[in-house]
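**Q** Take this structure, written in structure tokens, and hold onto it; I'll ask about it next.
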Amino acid sequence: MFEFLKFKRDQVLSYRLLLYIILFSTIFTIFGTSLQVWIDYKNDVGGIRDGMRQIGGSYFDTITASLWDINLEHVRIQLEGILKLPGMRYIEVRETSFGSSDVAVKVGKKPESGDTIKRVFDLNYNVDGRSVRLGKMLVVASLDEVYSRIKKRVLVILMTQGVKIFILSLFIIAILHYMITRHLQELAEYAREIDLNHLDREFVLRRSRKYKKPDEFDMVVKAFNDMRRNLIRDIVQRKKIEEALRESNKIVENSPVVLFKADYHEGWPVKLLSENISQFGYLVADFISGKIKFLDIVYEEDRKKVKNEVDFYCRCGIDHFRQELRIVTADGNVSWIENSVVLNRDDSGVTGFMGIMMDVTERKKAGSELSNLRNLLQSIIDSMPSVLVGVNGEGRIIQWNKSAREQTGLSWNEVKFRPLQEFLPDLYTELGDLVLSGSNGDITEKFKIPVSQDGVIHYKDVIVYPLLDDNSGGGSVILIDDVTVKSKLEEMMVQTEKMMSVGGLAAGMAHEINNPLGAILSGVQGTERRLSPSLKKNREVAEELGVDLKKFHEYLEVRGILGYLRGIRDAGQRAAKIVRNMLEFSRKSESVRARHEVSAIMEKSLDLAANDYDLKKKHDFKTIDIVRDYEQNLPGIYITETEVEQVLLNIMKNAAQALSEKEFPNDETPCIWLRTRREGDFVRIEIEDNGPGMDEKTRKRVFEPFYTTKPVGVGTGLGLSVSYFIITRNHDGQFRVESEKGRGTRFIIRLPVSPSA
């Protein structure tokens, strides 16, 4: 039988089937044996329990009667009969009729260990209808015989079943080998010997043909032979395709386009590559072997960008895209290539990509040169400080330089091909048809054209150049220069000359006023002295003339003449102080610095502001509360006194003008706070008001030259810009402003204590 089976070491399936059969049969046998043993155990235990019930039914009355007659021998005979029942091992009868509990009769041997079944019977005898208790009977049954029989039975069953399983397993294995395993071995041998170049041998199983109906193995044989024929057909077709592919490769290899296929793994290993990669100095074998990967030839600065682009297309589900990148050729040069790529996907995602690449280095060079030229021209145009606008024959914008963007706040995309009159209506109205026709080939200039911007008039000088391109259909280039500052400077120069003349006149007038003013003050002072009763000379003269000087002085006091004299004296002193301040302020500054007390400079500036005629007329300081908060013992600062006075005076005048524009509620009054503090090596000066304040836009531009919020003719917009220059440039200090709309304004000046080197 073993020779028939012909088992071999490589027949894993046979051994595995044998193992499974033995394992399953063993488990089934154990389960069946356990069930049988359990049933036998229940039957044996049930027989013992039936014997117990038989004792109570058949032997009970006889034993009770014998015990009543005190026939113990008869009782023993009955007990020995019970002992013959299945499993019974020990029986004893105890007599309890007279209060004792002694064993009257016992038979058998009481089991000392093991499983037992015990039962106690009460022995009662009926006498004249009355039950008399005679004693108790203890019956003990042992299960040892039950267990012994079960063990023998299990041993017999296991031995018989084991032999049966072994014989049955060998028989099943023999059948499986004959019907299945040997044919599988033939299939394996045929599959191992099959060769794509030798597919002529047909596969035939060595088996008897007793059955006319084909089975599963016949179907497998047919499938193998069909596969063999299909392979023969596919190989023929493949050879034809390979021949056509070789012809195609010849075409590709003679073209500048390189075909490639790569896996989407680390470094992008190349799986297919056309031979014309040699135009970059590389060999196909180096890529196919994995020595060089696709990313290895990508220019180092482009690798991250190229990889990020491919990752983006992979994530977004884009299967076809184009890329421009740089590669490093084998000789170390850098070439530009253009890739057209198709991504390959399966259920797990992107597996690889394939496509073509073409050298576009020359095209990129030409494009780069053209782009550089275009950028150079645009840079030249954008570098011009003037606004340059190009328009076509329809008046639509075709050029818009950087200065135009900065001055209008409009980008090229916002004005591109839009009519010029939408964005520069004042200029378009002024220039008219010159913009469209290109001024008929002539260059045209116009000066100081007024243009409104954000409600402010600006002046522009405009030059119109005709476009010389015949294909443009007309049009022109417009060059615009903002001459607002220039115009204002010219006006300022004229105004400055006037003011210098007025300043000289004011200084001369101050000198002329000073002389009579001194005479008036001297006369008033002399008059007051000669009317005073306290002077001895006055009393002597009055006595000589018979005048009561005391009564006369009372008369002058009652009539208010002395008050008039004091008023003349106070007014004269104020006038003298004003004249003195005007003279000091009007003197030309020689930029001579000296140490001065900050509080004294602020008080002097406050006096100048309070006595300014224009301020008195429109913004009287008497209606403003002045709150002084001066830090004591501040060190003096090295400054040019008149320049700092000019700055403080300008701030105070602005504060007074701002306060006059605000309507205050009944519980609030106009107020200006003057503060001084020491901050390290600086002295901090603050001038704050509770006026209307400034919005953010105004606050940012407050120090710009010619920027003013006052009506035309009221201010020039230079006061704060000149003040900023004096503090920051002339005195190496700091000057800033804090303000919120509706919450007042605070100007902060920081001046160094020690003079700068």
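Labeling convention for the structure tokens: chains A, B, ... as they appear, residues from 1 per chain, ligands from 1 in order of appearance.
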Which residues are near stretch 554-570 of chain A? Cut-off 8 Å, only C-alpha atoms, ignore same chain within fewer than 6 positions. Put them as a list in words.
**A**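 Here the answer would be Leu521, Val524, Gln525 and Glu528 of chain A.
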**Q** Please provide the set of residues having any atom within 10 Å of stretch 53-56 of chain A, restricted to only C-alpha atoms, with same-chain residues fewer than 2 positions apart removed, written as a CSV table (one decimal) with all heavy atoms, in the first residue's frame.
**A**
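Once everything was written out, this is part_31.csv:
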```csv
chain,number,residue,atom,x,y,z
A,47,GLY,N,-29.1,3.4,38.8
A,47,GLY,CA,-29.4,2.0,39.3
A,47,GLY,C,-29.2,2.0,40.8
A,47,GLY,O,-30.0,1.4,41.5
A,48,ILE,N,-28.2,2.7,41.3
A,48,ILE,CA,-28.0,2.8,42.8
A,48,ILE,C,-29.2,3.5,43.4
A,48,ILE,O,-29.7,3.0,44.5
A,48,ILE,CB,-26.7,3.5,43.1
A,48,ILE,CG1,-25.5,2.6,42.6
A,48,ILE,CG2,-26.6,3.7,44.6
A,48,ILE,CD1,-24.2,3.3,42.8
A,49,ARG,N,-29.6,4.6,42.8
A,49,ARG,CA,-30.7,5.3,43.4
A,49,ARG,C,-32.0,4.5,43.4
A,49,ARG,O,-32.9,4.5,44.2
A,49,ARG,CB,-30.9,6.7,42.7
A,49,ARG,CG,-29.7,7.6,42.9
A,49,ARG,CD,-30.0,9.0,42.3
A,49,ARG,NE,-28.8,9.8,42.4
A,49,ARG,CZ,-28.4,10.4,43.5
A,49,ARG,NH1,-29.1,10.3,44.6
A,49,ARG,NH2,-27.3,11.2,43.4
A,50,ASP,N,-32.2,3.7,42.3
A,50,ASP,CA,-33.4,2.8,42.2
A,50,ASP,C,-33.3,1.8,43.3
A,50,ASP,O,-34.4,1.4,43.9
A,50,ASP,CB,-33.4,2.1,40.8
A,50,ASP,CG,-33.7,3.1,39.7
A,50,ASP,OD1,-34.3,4.2,40.0
A,50,ASP,OD2,-33.4,2.7,38.5
A,51,GLY,N,-32.1,1.2,43.6
A,51,GLY,CA,-31.9,0.3,44.8
A,51,GLY,C,-32.4,0.9,46.1
A,51,GLY,O,-33.0,0.3,46.9
A,58,SER,N,-39.6,-2.4,49.3
A,58,SER,CA,-39.8,-3.8,49.5
A,58,SER,C,-39.3,-4.3,50.8
A,58,SER,O,-39.8,-5.3,51.4
A,58,SER,CB,-39.0,-4.5,48.4
A,58,SER,OG,-39.4,-4.1,47.1
A,59,TYR,N,-38.2,-3.8,51.4
A,59,TYR,CA,-37.6,-4.3,52.6
A,59,TYR,C,-38.0,-3.6,53.9
A,59,TYR,O,-37.8,-4.1,55.0
A,59,TYR,CB,-36.1,-4.2,52.5
A,59,TYR,CG,-35.5,-5.1,51.4
A,59,TYR,CD1,-35.3,-4.6,50.1
A,59,TYR,CD2,-35.1,-6.4,51.7
A,59,TYR,CE1,-34.8,-5.4,49.1
A,59,TYR,CE2,-34.6,-7.2,50.7
A,59,TYR,CZ,-34.4,-6.7,49.4
A,59,TYR,OH,-33.9,-7.5,48.4
A,60,PHE,N,-38.6,-2.5,53.7
A,60,PHE,CA,-38.8,-1.6,54.9
A,60,PHE,C,-39.8,-2.3,55.9
A,60,PHE,O,-39.5,-2.4,57.1
A,60,PHE,CB,-39.4,-0.3,54.4
A,60,PHE,CG,-39.5,0.7,55.5
A,60,PHE,CD1,-38.4,1.4,56.0
A,60,PHE,CD2,-40.7,1.0,56.1
A,60,PHE,CE1,-38.5,2.3,57.0
A,60,PHE,CE2,-40.8,1.9,57.1
A,60,PHE,CZ,-39.7,2.6,57.6
A,61,ASP,N,-41.0,-2.8,55.4
A,61,ASP,CA,-42.0,-3.4,56.4
A,61,ASP,C,-41.4,-4.6,57.0
A,61,ASP,O,-41.7,-4.9,58.3
A,61,ASP,CB,-43.2,-3.7,55.6
A,61,ASP,CG,-43.9,-2.4,55.1
A,61,ASP,OD1,-43.7,-1.4,55.7
A,61,ASP,OD2,-44.7,-2.5,54.1
A,63,ILE,N,-38.3,-5.5,57.7
A,63,ILE,CA,-37.2,-5.2,58.7
A,63,ILE,C,-37.9,-4.5,59.9
A,63,ILE,O,-37.5,-4.9,61.0
A,63,ILE,CB,-36.2,-4.2,58.0
A,63,ILE,CG1,-35.4,-4.9,56.9
A,63,ILE,CG2,-35.2,-3.7,59.1
A,63,ILE,CD1,-34.5,-3.9,56.1
A,79,LEU,N,-30.8,-7.5,55.8
A,79,LEU,CA,-29.8,-6.6,55.4
A,79,LEU,C,-28.8,-7.1,54.4
A,79,LEU,O,-28.3,-6.5,53.5
A,79,LEU,CB,-29.1,-6.0,56.7
A,79,LEU,CG,-29.9,-5.3,57.7
A,79,LEU,CD1,-29.1,-4.8,58.8
A,79,LEU,CD2,-30.6,-4.1,57.0
A,82,ILE,N,-30.2,-6.9,51.1
A,82,ILE,CA,-30.1,-5.6,50.5
A,82,ILE,C,-28.7,-5.3,50.0
A,82,ILE,O,-28.5,-4.6,49.0
A,82,ILE,CB,-30.5,-4.5,51.6
A,82,ILE,CG1,-32.0,-4.7,52.0
A,82,ILE,CG2,-30.2,-3.1,51.1
A,82,ILE,CD1,-32.4,-3.8,53.1
A,85,LEU,N,-27.7,-5.6,46.4
A,85,LEU,CA,-28.1,-4.7,45.4
A,85,LEU,C,-26.9,-3.9,44.8
A,85,LEU,O,-25.9,-3.8,45.5
A,85,LEU,CB,-29.1,-3.7,46.0
A,85,LEU,CG,-30.5,-4.3,46.4
A,85,LEU,CD1,-31.3,-3.2,47.1
A,85,LEU,CD2,-31.2,-4.8,45.2
A,121,PHE,N,-33.1,5.8,56.8
A,121,PHE,CA,-34.6,5.5,56.8
A,121,PHE,C,-35.0,5.4,58.3
A,121,PHE,O,-34.3,4.8,59.1
A,121,PHE,CB,-34.8,4.1,56.2
A,121,PHE,CG,-34.4,4.0,54.7
A,121,PHE,CD1,-33.2,3.6,54.3
A,121,PHE,CD2,-35.4,4.4,53.7
A,121,PHE,CE1,-32.9,3.6,53.0
A,121,PHE,CE2,-35.1,4.3,52.4
A,121,PHE,CZ,-33.8,3.9,52.0
A,122,ASP,N,-36.1,6.1,58.5
A,122,ASP,CA,-36.7,6.0,59.9
A,122,ASP,C,-37.5,4.7,60.0
A,122,ASP,O,-38.4,4.4,59.1
A,122,ASP,CB,-37.6,7.2,60.2
A,122,ASP,CG,-36.8,8.4,60.3
A,122,ASP,OD1,-35.7,8.4,60.7
A,122,ASP,OD2,-37.3,9.5,59.9
A,139,VAL,N,-28.0,3.4,55.1
A,139,VAL,CA,-27.6,2.6,53.9
A,139,VAL,C,-26.5,3.5,53.2
A,139,VAL,O,-26.8,4.6,52.8
A,139,VAL,CB,-28.8,2.4,52.9
A,139,VAL,CG1,-28.3,1.6,51.7
A,139,VAL,CG2,-29.9,1.6,53.7
```
**Q** Skipping near chain neighbours, those fewer than 5 positions away, what residues fall within 12 Å of A:Ser411 using only C-alpha atoms, listed as a ChimeraX atom specification?
**A** /A:397,399-406,416,423
**Q** Applying 9 Å and only C-alpha atoms, which residues near stretch 357-373 of chain A remain after dropping the ones on its own chain fewer than 6 positions away? List them as a list in words.
**A** Pro256, Val257, Val258, Leu259, Phe260, Glu324, Arg326, Val334, Ser335, Trp336, Ile337, Glu338, Asn339, Ser340 and Val341 of chain A
**Q** Just the selected residues (all heavy atoms), exported as a CSV table (one decimal), in the first residue's frame, please.
**A**
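In the end it all went to again_7.csv:
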```csv
chain,number,residue,atom,x,y,z
A,256,PRO,N,14.2,65.1,-31.1
A,256,PRO,CA,14.7,65.7,-29.8
A,256,PRO,C,13.8,65.3,-28.6
A,256,PRO,O,14.2,65.7,-27.5
A,256,PRO,CB,14.6,67.2,-30.2
A,256,PRO,CG,13.5,67.3,-31.1
A,256,PRO,CD,13.5,66.1,-32.0
A,257,VAL,N,12.8,64.6,-28.8
A,257,VAL,CA,11.8,64.3,-27.7
A,257,VAL,C,12.3,63.0,-27.1
A,257,VAL,O,12.5,61.9,-27.7
A,257,VAL,CB,10.4,64.1,-28.3
A,257,VAL,CG1,9.5,63.7,-27.1
A,257,VAL,CG2,9.9,65.4,-28.9
A,258,VAL,N,12.4,63.0,-25.7
A,258,VAL,CA,12.9,61.8,-25.0
A,258,VAL,C,11.6,61.2,-24.3
A,258,VAL,O,10.9,61.9,-23.6
A,258,VAL,CB,13.9,62.2,-23.9
A,258,VAL,CG1,14.3,61.0,-23.1
A,258,VAL,CG2,15.1,62.8,-24.6
A,259,LEU,N,11.4,59.9,-24.5
A,259,LEU,CA,10.3,59.2,-23.8
A,259,LEU,C,10.8,58.6,-22.5
A,259,LEU,O,12.0,58.2,-22.4
A,259,LEU,CB,9.8,58.1,-24.6
A,259,LEU,CG,9.2,58.4,-26.0
A,259,LEU,CD1,8.8,57.2,-26.7
A,259,LEU,CD2,8.1,59.4,-25.9
A,260,PHE,N,10.0,58.7,-21.4
A,260,PHE,CA,10.4,58.1,-20.1
A,260,PHE,C,9.2,57.6,-19.4
A,260,PHE,O,8.1,58.0,-19.6
A,260,PHE,CB,11.1,59.2,-19.3
A,260,PHE,CG,10.2,60.3,-18.9
A,260,PHE,CD1,9.5,60.3,-17.7
A,260,PHE,CD2,10.1,61.5,-19.7
A,260,PHE,CE1,8.7,61.3,-17.3
A,260,PHE,CE2,9.3,62.5,-19.3
A,260,PHE,CZ,8.6,62.4,-18.1
A,324,GLU,N,8.1,72.9,-16.6
A,324,GLU,CA,9.4,73.4,-17.1
A,324,GLU,C,10.4,73.4,-15.9
A,324,GLU,O,10.1,73.9,-14.8
A,324,GLU,CB,9.3,74.9,-17.6
A,324,GLU,CG,8.7,74.9,-19.0
A,324,GLU,CD,8.9,76.3,-19.6
A,324,GLU,OE1,9.4,77.2,-18.9
A,324,GLU,OE2,8.6,76.5,-20.8
A,326,ARG,N,14.9,72.7,-14.9
A,326,ARG,CA,16.3,72.6,-15.3
A,326,ARG,C,16.9,71.3,-14.9
A,326,ARG,O,16.6,70.8,-13.8
A,326,ARG,CB,17.1,73.8,-14.7
A,326,ARG,CG,16.8,75.1,-15.3
A,326,ARG,CD,17.5,76.2,-14.5
A,326,ARG,NE,16.9,76.4,-13.2
A,326,ARG,CZ,17.4,77.3,-12.3
A,326,ARG,NH1,18.3,78.1,-12.6
A,326,ARG,NH2,16.8,77.3,-11.1
A,334,VAL,N,23.8,73.1,-17.5
A,334,VAL,CA,22.4,73.2,-17.1
A,334,VAL,C,21.6,73.5,-18.3
A,334,VAL,O,21.9,74.4,-19.1
A,334,VAL,CB,22.2,74.3,-16.0
A,334,VAL,CG1,20.7,74.4,-15.7
A,334,VAL,CG2,23.0,74.1,-14.8
A,335,SER,N,20.6,72.6,-18.5
A,335,SER,CA,19.7,72.7,-19.7
A,335,SER,C,18.2,72.9,-19.2
A,335,SER,O,17.9,72.3,-18.2
A,335,SER,CB,19.8,71.5,-20.6
A,335,SER,OG,21.1,71.5,-21.2
A,336,TRP,N,17.5,73.6,-19.9
A,336,TRP,CA,16.0,73.7,-19.6
A,336,TRP,C,15.3,72.7,-20.4
A,336,TRP,O,15.6,72.5,-21.6
A,336,TRP,CB,15.5,75.1,-20.0
A,336,TRP,CG,15.7,76.2,-19.0
A,336,TRP,CD1,16.8,77.1,-19.0
A,336,TRP,CD2,14.9,76.5,-17.9
A,336,TRP,NE1,16.7,77.9,-17.9
A,336,TRP,CE2,15.5,77.6,-17.2
A,336,TRP,CE3,13.7,75.9,-17.4
A,336,TRP,CZ2,15.0,78.1,-16.1
A,336,TRP,CZ3,13.2,76.5,-16.3
A,336,TRP,CH2,13.8,77.6,-15.6
A,337,ILE,N,14.4,72.0,-19.8
A,337,ILE,CA,13.5,71.0,-20.5
A,337,ILE,C,12.1,71.3,-20.2
A,337,ILE,O,11.7,71.9,-19.1
A,337,ILE,CB,13.9,69.5,-20.1
A,337,ILE,CG1,13.6,69.3,-18.6
A,337,ILE,CG2,15.3,69.2,-20.4
A,337,ILE,CD1,13.7,67.8,-18.2
A,338,GLU,N,11.2,70.8,-21.1
A,338,GLU,CA,9.8,70.9,-20.9
A,338,GLU,C,9.2,69.5,-20.9
A,338,GLU,O,9.4,68.7,-21.8
A,338,GLU,CB,9.1,71.7,-22.0
A,338,GLU,CG,7.6,71.9,-21.8
A,338,GLU,CD,7.0,72.7,-22.9
A,338,GLU,OE1,6.8,72.1,-24.0
A,338,GLU,OE2,6.7,73.9,-22.7
A,339,ASN,N,8.5,69.1,-19.8
A,339,ASN,CA,7.9,67.8,-19.6
A,339,ASN,C,6.4,67.9,-19.9
A,339,ASN,O,5.7,68.8,-19.4
A,339,ASN,CB,8.2,67.3,-18.2
A,339,ASN,CG,9.6,66.8,-18.0
A,339,ASN,OD1,10.3,66.7,-19.0
A,339,ASN,ND2,10.0,66.6,-16.8
A,340,SER,N,5.9,66.8,-20.6
A,340,SER,CA,4.5,66.6,-20.7
A,340,SER,C,4.3,65.3,-20.0
A,340,SER,O,4.7,64.2,-20.5
A,340,SER,CB,4.0,66.6,-22.1
A,340,SER,OG,2.6,66.3,-22.2
A,341,VAL,N,3.6,65.2,-18.9
A,341,VAL,CA,3.5,64.1,-18.0
A,341,VAL,C,2.1,63.6,-17.8
A,341,VAL,O,1.2,64.4,-17.7
A,341,VAL,CB,4.1,64.4,-16.6
A,341,VAL,CG1,4.2,63.2,-15.7
A,341,VAL,CG2,5.5,65.0,-16.7
```
**Q** Mind checking DSSP for stretch 280-481 of chain A and telling me the strand (DSSP E or B) residues as a ChimeraX atom specification?
**A** /A:298,320-328,334-346,349-359,387-392,396-400,419,444-453,456-466,475-481
**Q** Please identify all polymer residues within 8 Å of stretch 735-750 of chain A, counting only C-alpha atoms, omitting same-chain residues fewer than 4 positions from it, and present them as a ChimeraX atom specification.
**A** /A:651,682-696,699,724,727-728
**Q** Which residue gives the smallest distance to A:Phe353 among A:Asp331, A:Val389, A:Ala600, A:Phe294, with only C-alpha atoms counted?
**A** A:Phe294
**Q** Given the choices A:Leu388, A:Val154, A:Leu170, A:Ser383, which gets closest to A:Leu35 if the distance is worked out from only C-alpha atoms?
**A**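 Answer, going by the shortest atom-to-atom distance: A:Val154.
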**Q** Show me, as a ChimeraX atom specification, the residues that have an atom within 9 Å of A:Tyr264 when counting only C-alpha atoms, minus same-chain residues fewer than 5 positions from it.
**A** /A:269,350-353
**Q** My list of candidates is A:Thr623, A:Gln573, A:Gln734, A:Ser274. Which is closest to A:Ser660 when distances are computed with only C-alpha atoms?
**A**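 Comparing A:Thr623, A:Gln573, A:Gln734, A:Ser274 against A:Ser660, the winner is A:Thr623.
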**Q** As an MDAnalysis selection string, list the residues of stretch 677-751 of chain A assigned to alpha helix (DSSP H) by DSSP on the backbone atoms of this structure.
**A** chainID A and resid 696:701 719:725
**Q** Nearest residue to A:Gly393 out of A:Trp268, A:Tyr638, A:Phe312, A:Phe417, using only C-alpha atoms?
**A**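 The answer is A:Phe417, which sits nearest to A:Gly393.
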**Q** For atom CA of A:Glu275 and atom CA of A:Asn344, quote the distance in Å rounded to one decimal.
**A**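 Taking atom CA of A:Glu275 and atom CA of A:Asn344, their separation equals 22.5 Å.
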**Q** From the set A:Val146, A:Ile27, A:Lys291, A:Arg228, which residue has the shortest atom-to-atom contact distance to A:Gly162, counting only C-alpha atoms?
**A**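 Among the listed residues, A:Ile27 lies closest to A:Gly162.
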**Q** Find the distance between atom CA of A:Val107 and atom CA of A:Arg89 and write it in Å to one decimal.
**A**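 Going from atom CA of A:Val107 over to atom CA of A:Arg89, I get 8.4 Å.
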